[in-house]
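Chemist: Here it is, the structure in full.
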Amino acid sequence: MSVRHAVLALLSEGPKYGLRLRHEFEERTGEVWPINVGQIYTTLQRLERDGMVESGLEDDGPQKTYRLTAEGAAELNRWLHTPPDLGSPPRDELVIKVLVAMHVPGVDIGEVIQTHRRRVVELMQEWTRVKRDASEDDISLVLVVDAELFRLDSVVRWLDAADSRLRRVTSPPTPRTNPAPAKRKAAAL
Amino acid sequence: MSALELIGVTKVYGRGAGEVQALREVTLAVEPGELVAVMGPSGSGKSTLLTIAGTLESASSGDVLIGGMPVSKLSRNQQAAMRRRAIGYVFQDFNLLAGLTAAENVALPLELDGVSTRTARKAALEVLDRLSLSARAEHFPDDLSGGERQRVAIARAVVGERRLLLADEPSGALDSVNGEAVMRLVRSTCQGGVAGVVVTHDAQLASWADRVVFLRDGRMVDQTAPPAGPESLLQADAAR
C-alpha cells in the first residue's frame, strides 16, 4: 500500500492538515490498515521536498495545511494508471514449505497440505465474519475484506491442486495401462 | 439434542472388486442454529454424506439420527413424511418446476404434505417476502434471474417448520456477489434455529459456516477450530 499516493489522492479533494489526512486514510481503507500520524508527516515532508505538495498556515488556526501541486496531481494520475508489479512471482513461504515437505522422509505431504488448508479456511471464516458484521454502506471495508478473501481463496485452490497432483503422482500405476519400465523392456524383448 | 447426528456412518456402493467405499466411519453432529460446511475434492464423499443425512439414501452401517430419532427405526412412509416436513434441500441446479410460479413452487412441499392450498400459499408468500421476492411471486422460473431462482429454491427449502437445511453447492453457477447473497440467506435461516449443512468445494462459500469439516476419501480428516473473533484478526493485522 503506497501511503505516498494515498496522501496525494486525499489532497486531490482540497487542502487538508495532517491529522485529518490520517483519519481519512484509515476511514477510506475500512480501518484495516492503521497508520500513525508520524508516518503521515514524514510522507508529507518528502512530498513537499519533491514538489508534489505545498504547505501553508490557515488563517483561522495554527495547523499547517497541505495542498496538491500540479506536479503532484500528474504523479497521482500516472500512479492510478500504472499496473502494479504482478510479473515477478513472490517468494511464497507456503509454496516453499510444500516443495520442501515433498522430500523430507517421514513427512505426510497430504497432512502438511491439510494443516495449511484448515488454517487458511479459518482465516477466511474470520474475514467473512468481519464482512457479515459490516454495515452495508461501509463499501470500503467490504472491498478490502473481499480482496483478502479472494487472495486466501487462491491459496486454498493452489493447495487443492497441489494435493490432487501429488496424489496422482504417488498413487500406484495400474499395470495394464502403465507398465513399469522394467516390464515394458521385458515385453519388448 | 443435535438436529442431525451421524455416528460411524459408512456407505459402500457395489460389491467385490467393484466395491467403492464412499463414506468411512463418519461421525458428525450438527446443532440447531449451527451452519456446517463440508469441503473436499470431487469423489471425497461430500454429496453422499448429504443424501444420507437427508434420508434419500441409507447408510451401509452406522446410525443417522434426525432430531434425536434414529432414521433406521422409521418406516419408509415415516421417512418420507420426515423429508417433507423437517428437511429442506437446495440443489446446485435449483430443481424448480418450470410449469409452476415461484409461489406455487414454494408452496408445493406443504401441499404434498396435506396442507390446504390456501394455507400453503400464505406460508409461501411469507417466505418469499422475507427473501425480498414478493414482486416475483407470480413469475415462472424462466422469467427469473439465476440469483432469483436460487432464492426461490431456498424459500422452498425453508417453508414450513423445517429443522434441517441441506444444500449441495447452493450457489451453483452464480457470480461471487450473488453466491454470497445465497450464503447470507442460508446463514440467517440457520440463525432462526435451523441446522444447516452445505456441501461445497468453494472456500469462500464455506467460510460463511460456523464450522468447516474436511472430507478426504470418504473420511472426515479435519475440521476448523471455533471462532476466535474478528478483533484478533484486526489486531494481528495491525501488529504486522
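Every chain in the C-alpha cells has a letter given in the order shown (A, B, ...), and although residue numbers restart at 1 in each chain, ligands are simply numbered from 1 in the order shown.
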Find the spatial neighbours of Gln191 in chain B, counting only C-alpha atoms, within a cut-off of 9 Å - ignore same-chain residues fewer than 2 positions away - and output them as a list of chain:residue names.
Modeler: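 Residues near the query, excluding close chain neighbours: B:Pro32, B:Gly33, B:Glu34, B:Leu35, B:Val186, B:Arg187, B:Ser188, B:Thr189, B:Gly193, B:Val194, B:Ala195.
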Chemist: When you look at range 65-80 of chain A with a cut-off of 8 Å (counting only C-alpha atoms), what residues show up, excluding the ones that are within fewer than 2 positions of it in the same chain? I need them as a list in words.
Modeler: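 The neighbour list is His5, Leu8, Ala9, Leu11, Ser12, Gly14, Pro15, Lys16, Tyr17, Gly18, Leu44, Gly51, Met52, Val53, Glu54, Ser55, Gly56, Leu57, Glu58, Gln63, Thr82 and Pro83 of chain A.
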Chemist: Quick one: which residues from chain A are at most 7 Å off chain B, using only C-alpha atoms, as a VMD selection string?
Modeler: chain A and resid 32 to 34 118 121 to 122 124 to 126 128 to 130 149 153
Chemist: Using only C-alpha atoms, find the one residue out of A:Leu19, A:Val169, A:Ala147, A:Leu141 that sits nearest to Gly38 in chain A.
Modeler: A:Leu19
Chemist: Quick one: contact table of range 121-199 of chain B to range 68-88 of chain B, 8 Å max, nearest atom pair and distance in Å to one decimal per residue, counting only C-alpha atoms, chain and number order, as CSV?
Modeler:
```
residue,atom,partner,partner_atom,distance
B:Arg156,CA,B:Gly88,CA,7.5
B:Ala157,CA,B:Gly88,CA,4.0
B:Val158,CA,B:Gly88,CA,5.8
B:Gly160,CA,B:Arg85,CA,7.3
B:Glu161,CA,B:Ala86,CA,6.4
B:Arg162,CA,B:Ala86,CA,4.2
B:Arg163,CA,B:Ala86,CA,5.1
B:Leu164,CA,B:Ile87,CA,4.8
B:Leu165,CA,B:Gly88,CA,4.7
B:Leu166,CA,B:Gly88,CA,6.1
```
Chemist: Choose the residue, out of B:Val38, B:Ile7, B:Ala137, B:Ser116, that has the smallest atom-to-atom separation from Ala59 in chain B; count only C-alpha atoms.
Modeler: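 Among the listed residues, the smallest separation from Ala59 in chain B belongs to B:Ile7.
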Chemist: Can you list, as a list in words, every residue of chain A that DSSP puts in strand (DSSP E or B)?
Modeler: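 Written out, the strand (DSSP E or B) residues of chain A are Lys16, Tyr17, Val53, Glu54, Ser55, Gly56, Leu57, Lys64, Thr65, Tyr66, Arg67 and Leu68 of chain A.
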Chemist: So the first atom is CA of Leu28 in chain B and the second is CA of Glu169 in chain B; what is the distance between them in Å, to one decimal place?
Modeler: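 Going from CA of Leu28 in chain B over to CA of Glu169 in chain B, I get 19.3 Å.
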Chemist: Just asking: which residues within range 10-72 of chain B are helix (DSSP H, G or I) according to DSSP, as a VMD selection string?
Modeler: chain B and resid 16 to 18 46 to 53 71 to 72
Chemist: Only C-alpha atoms, please: the residues just picked out, written as a PDB file, in the first residue's frame.
Modeler:
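Written out: result-v8.pdb:
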```pdb
ATOM      1  CA  GLY B  16     -16.398 -57.431  -4.680  1.00  0.00           C
ATOM      2  CA  ALA B  17     -13.750 -55.970  -6.968  1.00  0.00           C
ATOM      3  CA  GLY B  18     -16.040 -53.080  -7.964  1.00  0.00           C
ATOM      4  CA  LYS B  46     -19.486 -34.929   0.148  1.00  0.00           C
ATOM      5  CA  SER B  47     -22.679 -35.487  -1.808  1.00  0.00           C
ATOM      6  CA  THR B  48     -23.138 -38.998  -0.401  1.00  0.00           C
ATOM      7  CA  LEU B  49     -22.931 -37.528   3.100  1.00  0.00           C
ATOM      8  CA  LEU B  50     -25.690 -35.082   2.201  1.00  0.00           C
ATOM      9  CA  THR B  51     -28.027 -37.669   0.665  1.00  0.00           C
ATOM     10  CA  ILE B  52     -27.609 -39.931   3.696  1.00  0.00           C
ATOM     11  CA  ALA B  53     -28.199 -37.011   6.111  1.00  0.00           C
ATOM     12  CA  VAL B  71     -33.772 -42.965  10.849  1.00  0.00           C
ATOM     13  CA  SER B  72     -33.382 -46.754  10.636  1.00  0.00           C
TER      14      SER B  72
END
```
Chemist: Mind pulling up the distance from CA of Leu4 in chain B to CA of Val20 in chain B?
Modeler: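 The value is 25.0 Å.
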Chemist: Need to verify the contact set: Arg121 in chain B, 9 Å, only C-alpha atoms, exclusion of same-chain residues closer than 4 positions in sequence. Can you return it as a ChimeraX atom specification?
Modeler: /B:103-104,106-108,110-111,116-117,125-126
Chemist: Between A:Ser140, A:Leu166, A:Ala6, A:Arg132, which residue has the minimum interatomic distance to Arg28 in chain A, considering only C-alpha atoms?
Modeler: A:Ser140
